[in-house]
Amino acid sequence: MEAAMGLMRRIHPKQTDTALSALLTLLPHHSSDLLSQVDQPLQVLCDVDTGNDFILCEYNRDADSYRSPWSNKYHPPLEDAPYPSPDLRKLEIEANEIFAIYRDQYYEGGISSVYIWEDDNEGFVACFLIKKDGSKTAQGRRGYLEEGAWDAIHVIQVGSEGEETANYCLTSTVMLSLTTNDESAGAFSLSGSIRRQMNSDLPVADGHLCNMGKMIEEMESKLRNSLDQVYFGKTREMVCTLRPPAELVPMRLPDS
C-alpha cells in the first residue's frame, strides 16, 4: 500500500485514472483505501432535474451513483442511499450558494460543489470542490492555453471543542495541468499536485460557513504561492539556465 501511494504521488495527473485502475486490479483488498486516499482529477455531471452541473467525487458517491447538491438526488437513482440530515442539508444549500460566488470572484467561472455529511464524532465533514477548465475551447476567458485544468479539493472536519468554539481540520489538495502550443514559444506541458493541512479552533458565534470560508481562502492563497514558487519558479529557473535570454548573455570579444 505504501508503494502504491508513492507511485500515485509521482504519476502524471492525466494518467491517474489509468494507474488507479491498474492498482485496483493488482490490489483488490486495498480498493477502499486506494479510492479514499488517492485524489483523482474531478469529473462533472449534469443534474437533469435542475440543469446545473455538479462535481463527482468519493464524498458524494454511493455504489455507482452520485448525489447532486442542487436537487439532493442520486444520478442514476439509487434506493436506500444515504442523505444528510435536514440541518446539514440546509447548511449544504447555503454553502453551495456562497461558494458559487467565491468561485466566480476568484476563478472567473468554473464549476463548484459542496457536500456535507455527519461523521462518527458528533460533528460533521464538509467537502468544497472547484473545477476550472482554462483551455481556450472551454471556460478559459483569455484563451492562452491549449489545455488547462485546476482541480481544488478542500475537506474540513468539524468537531466540537466546547460551547463557544469548534475545531476545524482542513485538508486541501490542488491538481494543476496546463499545455501550451504557440508558434513563438513552442509546445510546453506542466502538471503536478500539492496537498496541505491546517488546524484552527474558531468561535462558533461567527458561523461555520464563515469560519470554513476564511480557512479555505487563506489555504488557497498559500497553495497558489507554493505552486508559483515550486512549479513555475523552478521551470523559469531551468529554462533561463539552459536558454538564457539574449540580453543576459554577455557579449564575447572576438579572438585576436
# chains A, B, ... in the order shown; residues from 1 in each chain; ligands from 1
>>> select_by_dssp(residues="region 55-222 of chain A", states="alpha helix (DSSP H)", output="PyMOL selection string")
chain A and resi 86-107+208-222
>>> write_last_selection(atoms="N, CA and C atoms", output="tab-separated table (two decimals), in the first residue's frame")
chain	number	residue	atom	x	y	z
A	86	PRO	N	-31.61	17.00	7.88
A	86	PRO	CA	-32.24	18.27	7.45
A	86	PRO	C	-31.41	19.50	7.80
A	87	ASP	N	-30.80	19.53	8.99
A	87	ASP	CA	-29.99	20.69	9.37
A	87	ASP	C	-28.74	20.81	8.50
A	88	LEU	N	-28.08	19.68	8.25
A	88	LEU	CA	-26.89	19.73	7.41
A	88	LEU	C	-27.25	19.99	5.95
A	89	ARG	N	-28.40	19.51	5.53
A	89	ARG	CA	-28.82	19.79	4.15
A	89	ARG	C	-29.07	21.28	3.97
A	90	LYS	N	-29.67	21.92	4.97
A	90	LYS	CA	-29.88	23.37	4.91
A	90	LYS	C	-28.54	24.10	4.84
A	91	LEU	N	-27.57	23.65	5.64
A	91	LEU	CA	-26.23	24.25	5.61
A	91	LEU	C	-25.57	24.00	4.26
A	92	GLU	N	-25.78	22.83	3.69
A	92	GLU	CA	-25.19	22.48	2.40
A	92	GLU	C	-25.73	23.37	1.28
A	93	ILE	N	-27.03	23.65	1.29
A	93	ILE	CA	-27.62	24.52	0.28
A	93	ILE	C	-27.02	25.92	0.36
A	94	GLU	N	-26.92	26.44	1.56
A	94	GLU	CA	-26.36	27.78	1.75
A	94	GLU	C	-24.89	27.81	1.34
A	95	ALA	N	-24.16	26.74	1.67
A	95	ALA	CA	-22.74	26.69	1.33
A	95	ALA	C	-22.54	26.68	-0.19
A	96	ASN	N	-23.37	25.97	-0.92
A	96	ASN	CA	-23.25	25.94	-2.37
A	96	ASN	C	-23.51	27.31	-2.99
A	97	GLU	N	-24.49	28.02	-2.46
A	97	GLU	CA	-24.79	29.35	-2.98
A	97	GLU	C	-23.64	30.32	-2.73
A	98	ILE	N	-23.08	30.28	-1.52
A	98	ILE	CA	-21.99	31.20	-1.18
A	98	ILE	C	-20.71	30.82	-1.92
A	99	PHE	N	-20.43	29.52	-2.03
A	99	PHE	CA	-19.20	29.08	-2.69
A	99	PHE	C	-19.22	29.38	-4.18
A	100	ALA	N	-20.41	29.40	-4.78
A	100	ALA	CA	-20.52	29.76	-6.20
A	100	ALA	C	-20.09	31.21	-6.42
A	101	ILE	N	-20.42	32.09	-5.48
A	101	ILE	CA	-19.98	33.49	-5.56
A	101	ILE	C	-18.47	33.57	-5.42
A	102	TYR	N	-17.93	32.85	-4.45
A	102	TYR	CA	-16.48	32.80	-4.25
A	102	TYR	C	-15.78	32.31	-5.51
A	103	ARG	N	-16.32	31.28	-6.14
A	103	ARG	CA	-15.73	30.72	-7.36
A	103	ARG	C	-15.70	31.74	-8.49
A	104	ASP	N	-16.79	32.45	-8.68
A	104	ASP	CA	-16.85	33.45	-9.75
A	104	ASP	C	-15.88	34.60	-9.51
A	105	GLN	N	-15.71	35.00	-8.27
A	105	GLN	CA	-14.84	36.13	-7.96
A	105	GLN	C	-13.37	35.75	-8.08
A	106	TYR	N	-13.01	34.56	-7.68
A	106	TYR	CA	-11.60	34.16	-7.69
A	106	TYR	C	-11.19	33.44	-8.98
A	107	TYR	N	-12.12	32.71	-9.59
A	107	TYR	CA	-11.77	31.88	-10.74
A	107	TYR	C	-12.38	32.36	-12.04
A	208	HIS	N	-20.34	28.52	11.07
A	208	HIS	CA	-19.46	27.51	10.46
A	208	HIS	C	-19.04	27.93	9.05
A	209	LEU	N	-19.96	28.44	8.25
A	209	LEU	CA	-19.62	28.80	6.88
A	209	LEU	C	-18.59	29.91	6.84
A	210	CYS	N	-18.73	30.88	7.72
A	210	CYS	CA	-17.77	31.98	7.78
A	210	CYS	C	-16.39	31.46	8.17
A	211	ASN	N	-16.33	30.59	9.16
A	211	ASN	CA	-15.05	30.05	9.60
A	211	ASN	C	-14.40	29.19	8.52
A	212	MET	N	-15.19	28.32	7.89
A	212	MET	CA	-14.64	27.46	6.85
A	212	MET	C	-14.21	28.27	5.64
A	213	GLY	N	-14.99	29.30	5.30
A	213	GLY	CA	-14.65	30.13	4.15
A	213	GLY	C	-13.33	30.85	4.34
A	214	LYS	N	-13.09	31.38	5.54
A	214	LYS	CA	-11.83	32.07	5.82
A	214	LYS	C	-10.65	31.11	5.71
A	215	MET	N	-10.81	29.89	6.21
A	215	MET	CA	-9.73	28.92	6.14
A	215	MET	C	-9.42	28.52	4.70
A	216	ILE	N	-10.46	28.31	3.90
A	216	ILE	CA	-10.26	27.93	2.50
A	216	ILE	C	-9.59	29.06	1.73
A	217	GLU	N	-10.04	30.28	1.96
A	217	GLU	CA	-9.45	31.43	1.28
A	217	GLU	C	-7.96	31.56	1.62
A	218	GLU	N	-7.63	31.41	2.90
A	218	GLU	CA	-6.23	31.50	3.32
A	218	GLU	C	-5.40	30.36	2.74
A	219	MET	N	-5.96	29.15	2.77
A	219	MET	CA	-5.23	27.99	2.26
A	219	MET	C	-5.00	28.09	0.76
A	220	GLU	N	-5.99	28.53	0.01
A	220	GLU	CA	-5.82	28.63	-1.44
A	220	GLU	C	-4.76	29.66	-1.79
A	221	SER	N	-4.68	30.74	-1.02
A	221	SER	CA	-3.64	31.73	-1.25
A	221	SER	C	-2.26	31.12	-1.05
A	222	LYS	N	-2.10	30.32	0.01
A	222	LYS	CA	-0.82	29.66	0.27
A	222	LYS	C	-0.50	28.64	-0.82
>>> closest_atom_pairs(of="region 63-139 of chain A", to="region 176-194 of chain A", cutoff="12 Å", atoms="only C-alpha atoms", output="tab-separated table")
residue	atom	partner	partner_atom	distance
A:Ile130	CA	A:Leu176	CA	11.9
A:Lys131	CA	A:Leu176	CA	10.2
A:Lys132	CA	A:Leu176	CA	9.8
A:Asp133	CA	A:Leu178	CA	9.8
A:Gly134	CA	A:Leu178	CA	8.3
A:Ser135	CA	A:Leu178	CA	8.2
A:Lys136	CA	A:Thr180	CA	10.2
>>> closest_residue(among="A:Arg195, A:Val38, A:Ser31, A:Gln229", to="Leu7 (chain A)", atoms="only C-alpha atoms")
A:Val38
>>> atom_distance(atom1="CA of Tyr74 (chain A)", atom2="CA of Gly51 (chain A)")
14.1 Å
>>> select_by_dssp(residues="region 40-247 of chain A", states="strand (DSSP E)", output="count of residues only")
83
